[in-house]
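Chemist: The structure file target.txt (compact mmCIF, C-alpha atoms) is provided below.
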# COMPACT_ATOMS: atom_id res chain seq x y z
CA MET A 291 99.05 83.24 95.90
CA TYR A 292 98.70 84.71 99.35
CA ALA A 293 100.18 84.24 102.79
CA ILE A 294 99.20 84.98 106.38
CA VAL A 295 102.15 86.79 107.97
CA GLU A 296 102.72 88.01 111.52
CA ILE A 297 104.09 91.55 111.75
CA GLN A 298 104.67 93.03 115.21
CA GLY A 299 102.17 90.70 116.88
CA GLN A 300 99.37 91.16 114.33
CA GLN A 301 98.38 88.86 111.49
CA PHE A 302 97.90 90.17 107.96
CA LYS A 303 96.87 88.62 104.66
CA ALA A 304 99.66 89.38 102.19
CA GLU A 305 99.20 89.29 98.41
CA ALA A 306 101.64 90.65 95.83
CA GLY A 307 100.81 94.24 94.85
CA LYS A 308 98.57 94.98 97.85
CA LYS A 309 99.07 97.68 100.50
CA LEU A 310 99.39 97.03 104.22
CA TYR A 311 99.15 99.51 107.08
CA VAL A 312 101.17 98.07 109.97
CA HIS A 313 102.17 99.58 113.30
CA TYR A 314 105.01 102.09 112.98
CA LEU A 315 108.28 100.28 112.20
CA GLY A 316 110.55 103.00 113.60
CA ASP A 317 112.75 105.86 112.43
CA GLU A 318 115.33 103.60 110.77
CA LYS A 319 112.92 102.64 107.94
CA LYS A 320 112.95 105.14 105.08
CA GLU A 321 110.83 105.44 101.96
CA GLY A 322 111.88 102.84 99.38
CA ASP A 323 113.54 100.47 101.88
CA VAL A 324 112.95 96.75 101.39
CA VAL A 325 111.69 94.83 104.44
CA GLU A 326 111.44 91.03 104.74
CA PHE A 327 109.13 89.22 107.16
CA ASN A 328 109.91 85.57 107.94
CA LYS A 329 107.04 84.74 110.34
CA VAL A 330 104.76 83.26 107.68
CA LEU A 331 101.98 81.24 109.31
CA LEU A 332 100.12 79.99 106.21
CA VAL A 333 100.72 79.92 102.45
CA ASP A 334 98.05 79.32 99.80
CA ALA A 335 99.53 78.67 96.35
CA ASP A 336 96.53 78.28 93.99
CA GLY A 337 94.57 76.02 96.33
CA ASN A 338 97.58 74.17 97.76
CA VAL A 339 97.49 75.28 101.42
CA THR A 340 100.56 74.90 103.65
CA VAL A 341 100.05 75.54 107.36
CA GLY A 342 103.11 76.14 109.51
CA ALA A 343 103.80 74.67 112.90
CA PRO A 344 104.26 77.45 114.06
CA THR A 345 105.75 78.95 110.85
CA VAL A 346 106.29 77.74 107.29
CA GLU A 347 109.94 76.79 106.67
CA GLY A 348 111.72 78.95 104.08
CA ALA A 349 108.72 81.22 103.39
CA LYS A 350 109.03 84.99 103.50
CA VAL A 351 107.17 88.12 102.45
CA VAL A 352 109.16 90.91 100.78
CA CYS A 353 107.73 94.43 101.16
CA GLU A 354 108.76 97.95 100.23
CA VAL A 355 108.16 100.92 102.53
CA LYS A 356 105.95 103.35 100.63
CA THR A 357 105.26 105.85 103.40
CA PRO A 358 107.17 105.41 106.68
CA LEU A 359 104.84 107.58 108.80
CA VAL A 360 101.06 107.67 108.33
CA LYS A 361 98.64 108.89 110.98
CA GLY A 362 95.34 107.09 111.38
CA GLU A 363 91.90 108.46 112.19
CA LYS A 364 91.49 110.37 115.43
CA VAL A 365 89.83 108.41 118.21
CA LEU A 366 88.14 110.46 120.94
CA VAL A 367 87.89 109.11 124.47
CA PHE A 368 85.31 110.95 126.61
CA LYS A 369 84.93 110.31 130.33
CA LYS A 370 82.19 111.80 132.47
CA LYS A 371 80.73 111.33 135.91
CA ARG A 372 77.23 112.64 136.18
CA ARG A 373 76.38 115.44 138.61
CA LYS A 374 80.04 115.84 139.67
CA GLY A 375 81.33 118.27 137.05
CA TYR A 376 83.92 115.74 135.91
CA ARG A 377 84.52 115.68 132.14
CA ARG A 378 87.67 114.64 130.27
CA LEU A 379 88.18 114.54 126.51
CA ASN A 380 91.27 112.79 125.20
CA GLY A 381 92.21 112.30 121.55
CA HIS A 382 94.60 109.80 120.00
CA ARG A 383 95.93 109.20 116.48
CA GLN A 384 97.68 105.87 115.90
CA VAL A 385 100.88 105.95 113.81
CA PHE A 386 101.27 103.45 110.96
CA THR A 387 103.76 102.52 108.24
CA GLU A 388 102.42 101.93 104.72
CA LEU A 389 103.94 98.88 102.99
CA VAL A 390 103.54 97.59 99.43
CA ILE A 391 103.98 93.84 99.09
CA LYS A 392 106.46 92.99 96.33
CA GLU A 393 106.39 89.20 96.49
CA VAL A 394 105.46 86.18 98.56
CA ASN A 395 108.14 83.47 98.52
CA ALA A 396 107.16 79.97 99.62
Would you mind writing the file out in structure tokens?
Modeler:
Amino acid sequence: MYAIVEIQGQQFKAEAGKKLYVHYLGDEKKEGDVVEFNKVLLVDADGNVTVGAPTVEGAKVVCEVKTPLVKGEKVLVFKKKRRKGYRRLNGHRQVFTELVIKEVNA
């Protein structure tokens, strides 16, 4: 059984026991906290597919916060204008929250 769930504007495939890396949920979420997401867009229960309009009624995904603050890979942004001496190097590391999916209720 899996579900397509919307978390902070992004869609994820959620299966019980899997890990998700979502955008940082904030300082109020601590390790071991239980988080529920109600914006379930699709549920597949052993081939029986239910598509929501826009969401599936009564469906939710229950997750546990494993690591509240995880930094992603560094992305380098390099800007240059030729023959002008203009060079800029900017780095960015996106912040994520690691979730473990406990169950998908449909």
Chemist: Counting all atoms listed in the file, what is within 9 Å of range 323-336 of chain A, bar same-chain residues fewer than 4 positions away, as a list in words?
Modeler: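 With the cut-off at 9 Å, the set is Met291, Tyr292, Ala293, Ile294, Val295, Glu296, Ile297, Gln301, Lys319, Thr340, Val341, Gly342, Ala343, Pro344, Thr345, Val346, Glu347, Gly348, Ala349, Lys350, Val351, Val352, Cys353, Glu354, Val355, Lys356, Leu389, Val394 and Ala396 of chain A.
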Chemist: Please, what distance in Å, to one decimal, runs between CA of Val385 in chain A and CA of Val360 in chain A?
Modeler: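 About the pair CA of Val385 in chain A and CA of Val360 in chain A: they are 5.7 Å apart.
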Chemist: Leaving out Val312 in chain A and any residue of its chain fewer than 6 positions from it, which residues lie within 7 Å of it when counting all atoms listed in the file, given as a PyMOL selection string?
Modeler: chain A and resi 386-388
Chemist: Could you state the separation of CA of Lys392 in chain A and CA of Lys308 in chain A in Å, given to one decimal place?
Modeler: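 Calculated distance between CA of Lys392 in chain A and CA of Lys308 in chain A is 8.3 Å.
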Chemist: Counting only C-alpha atoms, what is within 12 Å of range 370-383 of chain A, bar same-chain residues fewer than 6 positions away, as a CSV table (one decimal) with C-alpha atoms, keeping the file's coordinate frame?
Modeler:
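Generated file (part_21.csv):
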chain,number,residue,atom,x,y,z
A,313,HIS,CA,102.2,99.6,113.3
A,359,LEU,CA,104.8,107.6,108.8
A,360,VAL,CA,101.1,107.7,108.3
A,361,LYS,CA,98.6,108.9,111.0
A,362,GLY,CA,95.3,107.1,111.4
A,363,GLU,CA,91.9,108.5,112.2
A,364,LYS,CA,91.5,110.4,115.4
Chemist: Have a look at A:Pro358, A:Asn338, A:Gln384, A:Gln300 and name the one nearest to Gly316 in chain A; count all atoms listed in the file.
Modeler: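 Ranked by minimum distance to Gly316 in chain A, first place goes to A:Pro358.
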Chemist: I'd like the interatomic distance between CA of Ala306 in chain A and CA of Thr357 in chain A, to a tenth of an Å.
Modeler: 17.4 Å
Chemist: Choose the residue, out of A:Asn395, A:Val390, A:Lys369, A:Gly322, that has the smallest atom-to-atom separation from Gly307 in chain A; count only C-alpha atoms.
Modeler: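 Looking only at the distances to Gly307 in chain A, the closest residue turns out to be A:Val390.
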Chemist: From the list A:Leu315, A:Ile391, A:Val339, A:Leu366, which residue is nearest Lys303 in chain A when using only C-alpha atoms?
Modeler: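 Nearest to Lys303 in chain A: A:Ile391.
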Chemist: Extending 6 Å beyond the listed atoms of range 329-344 of chain A on each side, what axis-aligned box results? I want centre and edge lengths in Å to one decimal, as JSON.
Modeler:
{"center_x": 100.8, "center_y": 79.5, "center_z": 104.0, "size_x": 24.5, "size_y": 22.6, "size_z": 32.1}
Chemist: Could you complete range 333-344 of chain A so that it carries all heavy atoms, and give it back as an mmCIF file, in the coordinates of the input?
Modeler:
data_model
loop_
_atom_site.group_PDB
_atom_site.id
_atom_site.type_symbol
_atom_site.label_atom_id
_atom_site.label_comp_id
_atom_site.auth_asym_id
_atom_site.auth_seq_id
_atom_site.Cartn_x
_atom_site.Cartn_y
_atom_site.Cartn_z
ATOM 1 N N VAL A 333 100.512 79.570 103.852
ATOM 2 C CA VAL A 333 100.720 79.920 102.450
ATOM 3 C C VAL A 333 99.695 79.193 101.613
ATOM 4 O O VAL A 333 99.505 77.980 101.762
ATOM 5 C CB VAL A 333 102.149 79.540 101.978
ATOM 6 C CG1 VAL A 333 102.312 79.816 100.499
ATOM 7 C CG2 VAL A 333 103.196 80.291 102.761
ATOM 8 N N ASP A 334 98.999 79.919 100.729
ATOM 9 C CA ASP A 334 98.050 79.320 99.800
ATOM 10 C C ASP A 334 98.554 79.599 98.394
ATOM 11 O O ASP A 334 98.522 80.735 97.928
ATOM 12 C CB ASP A 334 96.661 79.915 99.999
ATOM 13 C CG ASP A 334 95.620 79.298 99.086
ATOM 14 O OD1 ASP A 334 95.957 78.378 98.314
ATOM 15 O OD2 ASP A 334 94.455 79.731 99.142
ATOM 16 N N ALA A 335 99.023 78.545 97.711
ATOM 17 C CA ALA A 335 99.530 78.670 96.350
ATOM 18 C C ALA A 335 98.527 78.001 95.410
ATOM 19 O O ALA A 335 98.611 76.797 95.157
ATOM 20 C CB ALA A 335 100.903 78.026 96.228
ATOM 21 N N ASP A 336 97.550 78.755 94.923
ATOM 22 C CA ASP A 336 96.530 78.280 93.990
ATOM 23 C C ASP A 336 95.795 77.041 94.505
ATOM 24 O O ASP A 336 95.667 76.030 93.819
ATOM 25 C CB ASP A 336 97.166 77.979 92.623
ATOM 26 C CG ASP A 336 97.825 79.222 92.032
ATOM 27 O OD1 ASP A 336 97.275 80.318 92.242
ATOM 28 O OD2 ASP A 336 98.870 79.088 91.395
ATOM 29 N N GLY A 337 95.329 77.106 95.740
ATOM 30 C CA GLY A 337 94.570 76.020 96.330
ATOM 31 C C GLY A 337 95.390 75.024 97.122
ATOM 32 O O GLY A 337 94.839 74.214 97.855
ATOM 33 N N ASN A 338 96.697 75.056 96.993
ATOM 34 C CA ASN A 338 97.580 74.170 97.760
ATOM 35 C C ASN A 338 97.968 74.909 99.043
ATOM 36 O O ASN A 338 98.833 75.777 99.029
ATOM 37 C CB ASN A 338 98.813 73.819 96.938
ATOM 38 C CG ASN A 338 99.691 72.799 97.624
ATOM 39 O OD1 ASN A 338 99.287 72.200 98.613
ATOM 40 N ND2 ASN A 338 100.888 72.621 97.114
ATOM 41 N N VAL A 339 97.318 74.551 100.156
ATOM 42 C CA VAL A 339 97.490 75.280 101.420
ATOM 43 C C VAL A 339 98.564 74.582 102.257
ATOM 44 O O VAL A 339 98.523 73.371 102.449
ATOM 45 C CB VAL A 339 96.170 75.343 102.196
ATOM 46 C CG1 VAL A 339 96.366 76.045 103.519
ATOM 47 C CG2 VAL A 339 95.105 76.039 101.374
ATOM 48 N N THR A 340 99.525 75.386 102.738
ATOM 49 C CA THR A 340 100.560 74.900 103.650
ATOM 50 C C THR A 340 100.429 75.668 104.956
ATOM 51 O O THR A 340 100.526 76.891 104.966
ATOM 52 C CB THR A 340 101.962 75.125 103.055
ATOM 53 O OG1 THR A 340 102.016 74.536 101.762
ATOM 54 C CG2 THR A 340 103.019 74.529 103.940
ATOM 55 N N VAL A 341 100.193 74.924 106.041
ATOM 56 C CA VAL A 341 100.050 75.540 107.360
ATOM 57 C C VAL A 341 101.318 75.260 108.141
ATOM 58 O O VAL A 341 101.784 74.131 108.208
ATOM 59 C CB VAL A 341 98.823 74.989 108.103
ATOM 60 C CG1 VAL A 341 98.698 75.628 109.477
ATOM 61 C CG2 VAL A 341 97.564 75.213 107.290
ATOM 62 N N GLY A 342 101.888 76.295 108.741
ATOM 63 C CA GLY A 342 103.110 76.140 109.510
ATOM 64 C C GLY A 342 102.848 75.669 110.923
ATOM 65 O O GLY A 342 101.745 75.790 111.439
ATOM 66 N N ALA A 343 103.899 75.113 111.523
ATOM 67 C CA ALA A 343 103.800 74.670 112.900
ATOM 68 C C ALA A 343 105.034 75.126 113.660
ATOM 69 O O ALA A 343 105.951 74.362 113.812
ATOM 70 C CB ALA A 343 103.647 73.160 112.973
ATOM 71 N N PRO A 344 105.179 76.319 114.146
ATOM 72 C CA PRO A 344 104.260 77.450 114.060
ATOM 73 C C PRO A 344 104.413 78.281 112.779
ATOM 74 O O PRO A 344 103.516 79.013 112.415
ATOM 75 C CB PRO A 344 104.631 78.290 115.271
ATOM 76 C CG PRO A 344 106.081 78.038 115.464
ATOM 77 C CD PRO A 344 106.297 76.609 115.051
#
